[in-house]
>>> print(open('start-v4.cif').read())   # mmCIF, C-alpha atoms
data_entry
#
loop_
_atom_site.label_atom_id
_atom_site.label_comp_id
_atom_site.auth_asym_id
_atom_site.auth_seq_id
_atom_site.Cartn_x
_atom_site.Cartn_y
_atom_site.Cartn_z
CA MET A 1196 2.79 -15.62 -7.83
CA PHE A 1197 2.66 -12.84 -5.24
CA TYR A 1198 5.44 -10.37 -4.55
CA LEU A 1199 5.93 -7.90 -1.73
CA ASP A 1200 5.07 -4.51 -3.23
CA HIS A 1201 5.35 -2.15 -0.26
CA ILE A 1202 4.66 -1.55 3.40
CA ALA A 1203 2.66 1.53 4.39
CA ILE A 1204 2.55 3.25 7.77
CA THR A 1205 0.76 6.27 9.14
CA VAL A 1206 3.08 8.90 10.62
CA LYS A 1207 2.54 12.02 12.72
CA ASN A 1208 4.91 14.25 10.76
CA LEU A 1209 5.72 13.38 7.16
CA ASP A 1210 8.81 15.60 6.83
CA GLU A 1211 10.38 14.29 10.03
CA SER A 1212 9.63 10.69 9.03
CA ILE A 1213 11.16 11.18 5.58
CA THR A 1214 14.29 12.56 7.24
CA PHE A 1215 14.42 9.59 9.64
CA TYR A 1216 14.11 6.95 6.90
CA LYS A 1217 16.57 8.76 4.63
CA LYS A 1218 19.15 8.42 7.42
CA ILE A 1219 18.61 4.66 7.29
CA GLY A 1220 19.31 4.76 3.55
CA TYR A 1221 15.90 5.17 1.93
CA LYS A 1222 15.63 7.41 -1.13
CA LEU A 1223 12.58 9.65 -1.57
CA LEU A 1224 10.85 8.76 -4.85
CA GLU A 1225 7.63 10.79 -4.76
CA ARG A 1226 5.41 12.95 -2.58
CA PHE A 1227 1.66 13.28 -3.00
CA SER A 1228 -1.26 15.17 -1.52
CA ASP A 1229 -4.71 13.69 -1.64
CA ASP A 1230 -8.03 14.38 0.03
CA GLY A 1231 -7.25 14.28 3.74
CA TYR A 1232 -3.65 13.11 3.71
CA ASN A 1233 -0.13 13.66 2.41
CA TRP A 1234 2.09 10.73 1.59
CA ALA A 1235 5.49 9.80 0.27
CA THR A 1236 7.04 6.78 -1.36
CA LEU A 1237 10.58 5.84 -0.39
CA LYS A 1238 12.78 3.01 -1.59
CA LEU A 1239 15.63 1.05 -0.02
CA ASN A 1240 17.20 -1.45 -2.42
CA ASN A 1241 14.17 -3.37 -3.75
CA HIS A 1242 11.82 -2.44 -0.90
CA SER A 1243 9.27 0.37 -0.96
CA LEU A 1244 7.88 2.18 2.06
CA GLU A 1245 4.85 4.48 1.94
CA LEU A 1246 4.42 7.08 4.66
CA PHE A 1247 0.98 8.64 5.24
CA GLN A 1248 0.25 11.76 7.27
CA VAL A 1249 -3.42 12.46 7.93
CA THR A 1250 -4.28 16.14 7.34
CA ASN A 1251 -8.05 16.20 7.79
CA GLY A 1252 -8.00 15.88 11.59
CA LYS A 1253 -9.51 12.40 11.55
CA ASN A 1254 -7.90 9.50 13.35
CA ASP A 1255 -7.45 7.52 10.12
CA SER A 1256 -4.78 4.90 9.73
CA PHE A 1257 -3.36 3.85 6.38
CA ASP A 1258 -1.17 1.06 7.74
CA HIS A 1259 -1.07 -1.92 5.42
CA ILE A 1260 1.16 -4.38 3.64
CA ALA A 1261 0.81 -4.66 -0.12
CA TYR A 1262 1.49 -7.53 -2.49
CA SER A 1263 1.51 -7.38 -6.26
CA TYR A 1264 0.25 -10.11 -8.53
CA ASP A 1265 0.05 -10.72 -12.25
CA ASN A 1266 -2.58 -13.45 -12.56
CA ASP A 1267 -6.25 -12.61 -11.88
CA ASP A 1268 -7.23 -16.29 -11.57
CA GLU A 1269 -4.53 -16.85 -8.95
CA VAL A 1270 -5.73 -13.90 -6.86
CA ARG A 1271 -9.36 -15.04 -7.17
CA GLU A 1272 -8.32 -18.49 -5.90
CA LEU A 1273 -6.45 -16.89 -2.98
CA ILE A 1274 -9.47 -14.76 -2.06
CA LYS A 1275 -11.69 -17.84 -2.13
CA LYS A 1276 -9.19 -19.85 -0.03
CA LEU A 1277 -9.09 -17.02 2.53
CA GLY A 1278 -12.89 -16.95 2.73
CA LYS A 1279 -13.06 -13.40 1.41
CA LYS A 1280 -15.29 -11.90 -1.27
CA GLN A 1281 -14.06 -9.60 -4.01
CA GLU A 1282 -16.02 -9.55 -7.25
CA ASN A 1283 -14.28 -6.63 -8.92
CA LEU A 1284 -10.51 -6.78 -9.33
CA ASP A 1285 -10.43 -3.54 -11.36
CA ILE A 1286 -10.54 -1.00 -8.54
CA PHE A 1287 -8.25 2.02 -8.53
CA TYR A 1288 -6.90 3.67 -5.36
CA GLY A 1289 -5.02 6.95 -5.28
CA ASP A 1290 -3.32 8.75 -8.12
CA LEU A 1291 -0.96 5.98 -9.19
CA ASN A 1292 -3.35 4.45 -11.74
CA ARG A 1293 -2.77 0.89 -10.54
CA LYS A 1294 -5.59 -1.60 -10.11
CA SER A 1295 -5.78 -2.69 -6.49
CA PHE A 1296 -8.11 -3.59 -3.66
CA PHE A 1297 -7.94 -4.28 0.07
CA ILE A 1298 -8.86 -7.29 2.17
CA GLU A 1299 -8.38 -7.78 5.90
CA ASP A 1300 -6.29 -10.46 7.55
CA ASN A 1301 -7.58 -12.48 10.50
CA ASN A 1302 -6.53 -9.64 12.87
CA GLY A 1303 -8.37 -6.92 10.94
CA LYS A 1304 -5.15 -5.56 9.38
CA SER A 1305 -5.35 -4.25 5.84
CA VAL A 1306 -3.71 -6.16 3.03
CA GLN A 1307 -3.58 -4.54 -0.39
CA LEU A 1308 -3.42 -6.63 -3.57
CA ILE A 1309 -2.10 -4.74 -6.60
CA LYS A 1310 -2.20 -5.84 -10.22
CA LYS A 1311 1.29 -5.59 -11.76
#
>>> encode(input="start-v4.cif", output="structure tokens")
Amino acid sequence: MFYLDHIAITVKNLDESITFYKKIGYKLLERFSDDGYNWATLKLNNHSLELFQVTNGKNDSFDHIAYSYDNDDEVRELIKKLGKKQENLDIFYGDLNRKSFFIEDNNGKSVQLIKK
């Protein structure tokens, strides 16, 4: 079974965006700096939002929607059904030490699949 894990968006100013979403009711959980970007994780009830600010001057976008899963066979079947290829499910992104990988939807939008 798949579960909504988080939605991620690229923002121009991380501090201003955190302030905006806190006014809606989000709580700041964590802030990170990585190679070329700063990001924050916020939570509202059971929903997580990741905000990314690019710091390396590139026009990168980190917009994506992420789903978590607990069954490797189920995610392999989904990948096959979608006509995608992903041999290795044990890929790590970022500093959170969670196995995950990205595929694209039919519009070229990033979808992240994260092992629970």
>>> atom_distance(input="start-v4.cif", atom1="CA of Ser1243 in chain A", atom2="CA of Ser1295 in chain A")
16.3 Å
>>> atom_distance(input="start-v4.cif", atom1="CA of Leu1244 in chain A", atom2="CA of Asp1265 in chain A")
20.8 Å
>>> closest_residue(input="start-v4.cif", among="A:Asn1208, A:Asn1254, A:Thr1214, A:Asn1266", to="Asn1233 in chain A", atoms="only C-alpha atoms")
A:Asn1208
>>> residues_around(input="start-v4.cif", residues="Leu1308 in chain A", least_positions_apart="2", cutoff="7 Å", atoms="all atoms listed in the file", output="PyMOL selection string")
chain A and resi 1261-1263+1295-1297+1306+1310
>>> residues_around(input="start-v4.cif", residues="Leu1209 in chain A", least_positions_apart="5", cutoff="7 Å", atoms="only C-alpha atoms", output="PyMOL selection string")
chain A and resi 1246-1248
